[in-house]
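> Please see the structure below; I have some questions.
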Amino acid sequence: MINPVLQSQSMFESKPFLILQLRPEDDTSNSEFEAILKYGGLDPDDTRRIRIEKSGIPQLSLQDYAAVIVGGSPFDISTPQDKKSAIQVKIEADFRQLFDQIVRDDFPFLGACSGCGLLGSYLDTPISGKYAEPVGGATVSLTDAAAADPLLADFPQQIDVLCGHKEACDLVPQQATLLLTGDACPVQMFRVGENVYATQFHPEGDGAGFTVRIHAYKHHGYFPPEEAEALIVAVNRSDTPYAREILRRFVERYSR
């Protein structure tokens, strides 16, 4: 059953953006949604928001939407299968079915952090803790292919991003084009086909949103709990305008 918080008609002549969220806490989910709206240049009426952390992905027709955006979660794909909760197993299975359509049809998609891991796993890329990154800012570099990508054209060679993850893609999926890379985590952004994107970092991230997440996840193994206040100070000093521009360009491109 679709969560009732959420649906509305698009103000665009085109279709609404489908925003799928996996965060179980109301404050982190709402903060993430508000940031997607703010930095994507979206109104709530431009979207259909579904929180899937309790019941998974309902039956959908992608033809009803302009694009799909997926955010982060406290789930780890690399958790042994027998240690995953029933809802995590269902969500991962639901995404495999959704990606069958998205990848086949080259349907517009932007997955951040967990969204990146879910897509990478679907594409048979190993996901592990080898390239985990601490919560905070990181600097990533554009690849040669990035210059021709509409979400990254005219960017400087390096940009700052906000991230924090216990796992990542070990390798670039064979079907994908690497767009952004980093020293600590080589697979930072990739594209499949022309319209399917994934970022390991959070393009919607800002100090306020990360403050909410740091409080919520300080006992989830991302960092020692006693470091929470110092991390909050650090993320509120970070500015990541180019990362947020990726989200804005994605929305602009597919709202036409």
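Chain labels A, B, ... are given in the sequence in which chains occur in the structure tokens; within each chain residues are numbered consecutively from 1, and ligands are likewise numbered from 1 in the order shown.
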Give me the residues within 6 Å of segment 141-155 of chain A as a ChimeraX atom specification, counting only C-alpha atoms and dropping any in the same chain fewer than 2 places off.
/A:157-158,179-181,246,249
> Can you spit out the residues from that selection as a compact mmCIF listing (two decimals), in the first residue's frame, using C-alpha atoms?

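Just written: result_27.txt:
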# COMPACT_ATOMS: atom_id res chain seq x y z
CA GLN A 157 38.41 19.31 -12.52
CA GLN A 158 37.75 18.67 -8.83
CA LEU A 179 32.24 10.10 -14.33
CA LEU A 180 33.69 11.02 -10.91
CA THR A 181 36.42 9.29 -8.94
CA ILE A 246 24.24 17.76 -10.32
CA ARG A 249 20.67 19.66 -13.66
> Please tabulate, as a tab-separated table, the residues of segment 14-74 of chain A that come within 8 Å of segment 110-115 of chain A, each with its closest pair of atoms and the distance in Å to one decimal, counting only C-alpha atoms and ordering rows by chain, then residue number upward.

residue	atom	partner	partner_atom	distance
A:Val68	CA	A:Leu110	CA	6.4
A:Ile69	CA	A:Leu110	CA	4.9
A:Val70	CA	A:Gly111	CA	4.6
A:Gly71	CA	A:Ala112	CA	5.1
A:Gly72	CA	A:Ser114	CA	4.6
A:Ser73	CA	A:Ser114	CA	5.9
> Save the residues we just selected, N, CA and C atoms, as a short mmCIF file (atom, residue, chain, number, x, y, z; two decimals), in the first residue's frame?

data_model
loop_
_atom_site.label_atom_id
_atom_site.label_comp_id
_atom_site.auth_asym_id
_atom_site.auth_seq_id
_atom_site.Cartn_x
_atom_site.Cartn_y
_atom_site.Cartn_z
N VAL A 68 13.17 8.87 -11.77
CA VAL A 68 13.18 8.28 -10.44
C VAL A 68 14.41 8.78 -9.69
N ILE A 69 14.22 9.19 -8.43
CA ILE A 69 15.32 9.60 -7.55
C ILE A 69 15.27 8.73 -6.31
N VAL A 70 16.41 8.15 -5.93
CA VAL A 70 16.51 7.29 -4.75
C VAL A 70 17.61 7.82 -3.85
N GLY A 71 17.31 7.94 -2.55
CA GLY A 71 18.27 8.46 -1.60
C GLY A 71 18.99 7.37 -0.82
N GLY A 72 19.46 7.75 0.37
CA GLY A 72 20.27 6.85 1.19
C GLY A 72 19.45 6.05 2.18
N SER A 73 20.16 5.22 2.96
CA SER A 73 19.50 4.40 3.98
C SER A 73 20.56 3.86 4.93
#
> What is the distance, in Å and to one decimal place, between atom CA of Ala168 of chain A and atom CA of Leu62 of chain A?
27.0 Å
> How close does segment 153-177 of chain A get to segment 199-217 of chain A? List, as CSV, each residue of segment 153-177 of chain A within 10 Å, its nearest atom pair and the distance in Å to one decimal, counting only C-alpha atoms.

residue,atom,partner,partner_atom,distance
A:Asp160,CA,A:Phe201,CA,9.9
A:Val161,CA,A:Phe201,CA,6.4
A:Leu162,CA,A:His202,CA,5.9
A:Cys163,CA,A:Phe201,CA,4.6
A:Gly164,CA,A:Phe201,CA,7.4
A:His165,CA,A:Gln200,CA,8.2
A:Glu167,CA,A:Gln200,CA,9.5
A:Ala168,CA,A:Gln200,CA,7.1
A:Cys169,CA,A:Gln200,CA,8.5
> Which residue gives the smallest distance to Asp43 of chain A among A:Pro16, A:Ser29, A:Glu194, A:Lys84, with only C-alpha atoms counted?
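Selected residue with least distance to Asp43 of chain A: A:Pro16.
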> Fewer than 5 positions away in the same chain doesn't count, so skip those; otherwise give me all residues within 9 Å of Val172 of chain A, counting only C-alpha atoms, as a short mmCIF file (atom, residue, chain, number, x, y, z; two decimals) with C-alpha atoms, in the first residue's frame.

data_model
loop_
_atom_site.label_atom_id
_atom_site.label_comp_id
_atom_site.auth_asym_id
_atom_site.auth_seq_id
_atom_site.Cartn_x
_atom_site.Cartn_y
_atom_site.Cartn_z
CA GLY A 120 25.87 -1.39 -8.66
CA THR A 125 29.54 -5.17 -9.23
CA THR A 177 30.86 4.99 -17.69
CA LEU A 178 32.82 6.35 -14.72
CA PRO A 186 37.30 5.26 -6.79
CA VAL A 187 33.68 4.83 -7.91
CA PHE A 190 28.78 6.55 -12.95
#
> Using only C-alpha atoms, which of A:Cys185, A:Val135, A:Val192, A:Ala66 sits nearest Tyr122 of chain A?
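Using only C-alpha atoms, Tyr122 of chain A sits closest to A:Val192.
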> Have a look at A:Gly137, A:Pro241, A:Pro74, A:Pro44 and name the one nearest to Arg23 of chain A; count only C-alpha atoms.
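Result for the nearest residue to Arg23 of chain A: A:Pro74.
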> For each of A:Leu37, A:Leu60, A:Leu119, A:Leu20, take the minimum atom-to-atom distance to Tyr197 of chain A, counting only C-alpha atoms, then give the residue where this is smallest.
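Using only C-alpha atoms, the shortest distance to Tyr197 of chain A belongs to A:Leu119.
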